[in-house]
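S.K.: The structure is given below, and queries will be raised subsequently.
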Amino acid sequence: MYDLVFLFFSSFLAATIFPAQSEAVLLGLKITSDYHILLLLFIATVGNVLGATLNWSLGGYFMRFRSRKWFPFKTKALTKSIKIYKKYGIWTLLMSSVPLIGDGFTVVAGMLRINILLFLILVTIGKLGRYVLLVTMFR
């Protein structure tokens with residue numbers, strides 16, 4: 001049971017800015033345990049999506065400081081970016097599982113207050129897709 005908890009937390013952390021290797025944990029459990037692969041995929045995906053949701057929340061929180069002098073984006077540039085992201089950028093959430101850049105997509109989605117339901121759907125598709133691809137590649 002502790003290994004499933006470890007899978008959940010490694011998946012959660014892997015979706016945040018903290019370095020974690022949920023893929024290695026998932027594959028390790030797939031190879032060495034008797035857990036059904038669907039259970040492993042479910043736990044890894046839920047953990048990863050919840051980690052991305054934390055990023056979304058932090059992005060929204062960060063926007064509270066947009067009027068501060070130290071805030072890295074000026075109002076005009078931010079307004080333009082919001083318009084562009086809302087038109088095209090929502091689909092980048094399908095790539096939220098891509099190393100290095102995927103976490104940024106989820107933070108920006110939170111900054112722009114992308115609808116949480118749409119966020120959850122797209123992020124879940126991306127993250128589950130990556131895990132399914134991973135476990136099918138390493139049979």
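Labeling convention for the structure tokens: chains A, B, ... as they appear, residues from 1 per chain, ligands from 1 in order of appearance.
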Excluding Arg64 of chain A and residues on its chain fewer than 3 positions from it, collect all residues at most 12 Å away from it, counting only C-alpha atoms, and give them as a list in words.
M.R.: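 What passes the distance filter is Ser57, Leu58, Gly59, Gly60, Tyr61, Ser67, Arg68, Phe71, Gly110, Met111, Leu112 and Arg113 of chain A.
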S.K.: Filtering to C-alpha atoms, could you give me those residues as an mmCIF file, in the first residue's frame?
M.R.:
data_model
loop_
_atom_site.group_PDB
_atom_site.id
_atom_site.type_symbol
_atom_site.label_atom_id
_atom_site.label_comp_id
_atom_site.auth_asym_id
_atom_site.auth_seq_id
_atom_site.Cartn_x
_atom_site.Cartn_y
_atom_site.Cartn_z
ATOM 1 C CA SER A 57 -3.985 27.889 -8.099
ATOM 2 C CA LEU A 58 -0.542 29.398 -7.586
ATOM 3 C CA GLY A 59 -0.784 31.133 -10.956
ATOM 4 C CA GLY A 60 -4.080 32.697 -9.917
ATOM 5 C CA TYR A 61 -2.619 33.738 -6.578
ATOM 6 C CA SER A 67 -0.099 45.926 -9.731
ATOM 7 C CA ARG A 68 3.165 45.649 -7.820
ATOM 8 C CA PHE A 71 5.550 42.022 -11.116
ATOM 9 C CA GLY A 110 -4.081 29.761 -13.532
ATOM 10 C CA MET A 111 -2.780 33.293 -14.023
ATOM 11 C CA LEU A 112 -5.340 33.762 -16.765
ATOM 12 C CA ARG A 113 -8.073 32.006 -14.782
#
S.K.: Can you check which residues of segment 11-128 of chain A DSSP gives as helix (DSSP H, G or I) on the backbone and send them as a PyMOL selection string?
M.R.: chain A and resi 11-14+22-32+37-65+75-95+102-111+116-128
S.K.: Listing only residues of segment 2-118 of chain A within 9 Å of segment 127-132 of chain A, what is the closest atom pair and its distance in Å (to one decimal) for each, using only C-alpha atoms, sorted by chain and residue number ascending, as a Markdown table?
M.R.:
| residue | atom | partner | partner_atom | distance |
| --- | --- | --- | --- | --- |
| A:Glu23 | CA | A:Tyr131 | CA | 7.5 |
| A:Leu26 | CA | A:Tyr131 | CA | 8.3 |
| A:Leu41 | CA | A:Tyr131 | CA | 6.7 |
| A:Phe42 | CA | A:Leu128 | CA | 8.2 |
| A:Ala44 | CA | A:Tyr131 | CA | 7.9 |
| A:Thr45 | CA | A:Leu128 | CA | 5.6 |
| A:Val46 | CA | A:Leu128 | CA | 8.9 |
| A:Asn48 | CA | A:Lys127 | CA | 7.1 |
| A:Val49 | CA | A:Lys127 | CA | 7.2 |
| A:Leu94 | CA | A:Lys127 | CA | 7.8 |
| A:Met95 | CA | A:Lys127 | CA | 8.0 |
| A:Ser96 | CA | A:Lys127 | CA | 7.0 |
| A:Ser97 | CA | A:Lys127 | CA | 5.4 |
| A:Val98 | CA | A:Arg130 | CA | 8.6 |
S.K.: For Gly51 of chain A, which of A:Ile114, A:Leu13, A:Val108, A:Ile101 is the closest residue, counting only C-alpha atoms?
M.R.: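 Closest candidate: A:Leu13.
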S.K.: Show me, as number ranges by chain, the residues that have an atom within 12 Å of Tyr85 of chain A when counting only C-alpha atoms, minus same-chain residues fewer than 2 positions from it.
M.R.: A: 77-83, 87-93, 105, 108-114
S.K.: Restricting the output to C-alpha atoms, write the selected residues as a CSV table (one decimal), in the first residue's frame.
M.R.:
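In the end it all went to again.csv:
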chain,number,residue,atom,x,y,z
A,77,ALA,CA,1.6,43.1,-22.4
A,78,LEU,CA,-0.4,41.0,-19.9
A,79,THR,CA,-3.7,42.0,-21.5
A,80,LYS,CA,-2.4,41.1,-25.0
A,81,SER,CA,-1.1,37.8,-23.7
A,82,ILE,CA,-4.4,36.9,-22.1
A,83,LYS,CA,-6.2,37.6,-25.4
A,87,LYS,CA,-7.7,32.2,-28.4
A,88,TYR,CA,-5.0,29.7,-29.0
A,89,GLY,CA,-3.2,28.8,-25.8
A,90,ILE,CA,-5.8,26.6,-24.1
A,91,TRP,CA,-4.7,23.7,-26.2
A,92,THR,CA,-1.2,23.9,-24.8
A,93,LEU,CA,-2.7,22.2,-21.7
A,105,PHE,CA,1.5,26.0,-19.1
A,108,VAL,CA,-0.1,30.5,-17.0
A,109,ALA,CA,-3.6,28.9,-17.2
A,110,GLY,CA,-4.1,29.8,-13.5
A,111,MET,CA,-2.8,33.3,-14.0
A,112,LEU,CA,-5.3,33.8,-16.8
A,113,ARG,CA,-8.1,32.0,-14.8
A,114,ILE,CA,-8.8,29.5,-17.5
S.K.: Measuring atom to atom with only C-alpha atoms, identify which of A:Ala20, A:Val107, A:Phe8, A:Tyr2 is nearest to Ser33 of chain A.
M.R.: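 Going through A:Ala20, A:Val107, A:Phe8, A:Tyr2 one by one, the smallest distance to Ser33 of chain A is for A:Tyr2.
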S.K.: Please measure the separation of atom CA of Phe119 of chain A and atom CA of Thr16 of chain A, giving the value in Å to one decimal.
M.R.: 15.5 Å
S.K.: Determine the nearest neighbour of Gly47 of chain A from the options A:Leu4, A:Lys86, A:Ile31, A:Phe62, counting only C-alpha atoms.
M.R.: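 Closest candidate: A:Leu4.
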S.K.: Between A:Ala52, A:Met1, A:Ala24, A:Leu7, which residue has the minimum interatomic distance to Gly126 of chain A, considering only C-alpha atoms?
M.R.: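 Going through A:Ala52, A:Met1, A:Ala24, A:Leu7 one by one, the smallest distance to Gly126 of chain A is for A:Ala52.
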S.K.: Pick out the residues sitting within 10 Å of Leu120 of chain A, and hand them over as a PyMOL selection string; count only C-alpha atoms, and ignore anything fewer than 2 positions along from it in its own chain.
M.R.: chain A and resi 49-50+52-53+93+115-118+122-126
S.K.: Write out, as a short mmCIF file (atom, residue, chain, number, x, y, z; two decimals), in the first residue's frame, the residues just selected, with N, CA and C atoms.
M.R.:
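Generated output (again-v9.cif):
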data_model
loop_
_atom_site.label_atom_id
_atom_site.label_comp_id
_atom_site.auth_asym_id
_atom_site.auth_seq_id
_atom_site.Cartn_x
_atom_site.Cartn_y
_atom_site.Cartn_z
N VAL A 49 -2.47 15.27 -12.01
CA VAL A 49 -3.47 16.31 -12.29
C VAL A 49 -3.65 17.22 -11.06
N LEU A 50 -3.65 16.65 -9.87
CA LEU A 50 -3.75 17.48 -8.67
C LEU A 50 -2.54 18.39 -8.51
N ALA A 52 -0.82 19.63 -11.01
CA ALA A 52 -1.04 20.68 -12.01
C ALA A 52 -2.09 21.67 -11.53
N THR A 53 -3.07 21.18 -10.80
CA THR A 53 -4.10 22.06 -10.25
C THR A 53 -3.51 22.99 -9.19
N LEU A 93 -2.53 23.05 -22.89
CA LEU A 93 -2.73 22.22 -21.70
C LEU A 93 -2.69 20.73 -22.02
N ASN A 115 -10.97 28.43 -17.30
CA ASN A 115 -12.03 27.66 -16.66
C ASN A 115 -11.47 26.37 -16.09
N ILE A 116 -11.72 26.13 -14.81
CA ILE A 116 -11.13 24.99 -14.12
C ILE A 116 -11.60 23.65 -14.69
N LEU A 117 -12.84 23.56 -15.11
CA LEU A 117 -13.33 22.30 -15.68
C LEU A 117 -12.63 21.99 -17.00
N LEU A 118 -12.51 22.98 -17.86
CA LEU A 118 -11.80 22.79 -19.12
C LEU A 118 -10.33 22.47 -18.84
N LEU A 122 -8.51 18.95 -20.15
CA LEU A 122 -7.35 18.96 -21.04
C LEU A 122 -6.09 18.42 -20.37
N VAL A 123 -5.88 18.81 -19.13
CA VAL A 123 -4.70 18.34 -18.41
C VAL A 123 -4.79 16.83 -18.17
N THR A 124 -5.96 16.35 -17.82
CA THR A 124 -6.12 14.91 -17.60
C THR A 124 -5.85 14.13 -18.87
N ILE A 125 -6.35 14.59 -19.99
CA ILE A 125 -6.09 13.92 -21.27
C ILE A 125 -4.59 13.86 -21.54
N GLY A 126 -3.91 14.99 -21.36
CA GLY A 126 -2.47 15.04 -21.62
C GLY A 126 -1.67 14.14 -20.69
#
S.K.: If you count only C-alpha atoms, which residues fall within 10 Å of Phe138 of chain A, apart from same-chain ones fewer than 3 positions away, as a list in words?
M.R.: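 Skipping anything fewer than 3 positions along the chain leaves Leu27, Lys30, Ile31, Leu133, Leu134 and Val135 of chain A.
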S.K.: Atom CA of Ile37 of chain A to atom CA of Asn55 of chain A: how many Å, to one decimal?
M.R.: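 One can read the atom CA of Ile37 of chain A to atom CA of Asn55 of chain A distance as 27.1 Å.
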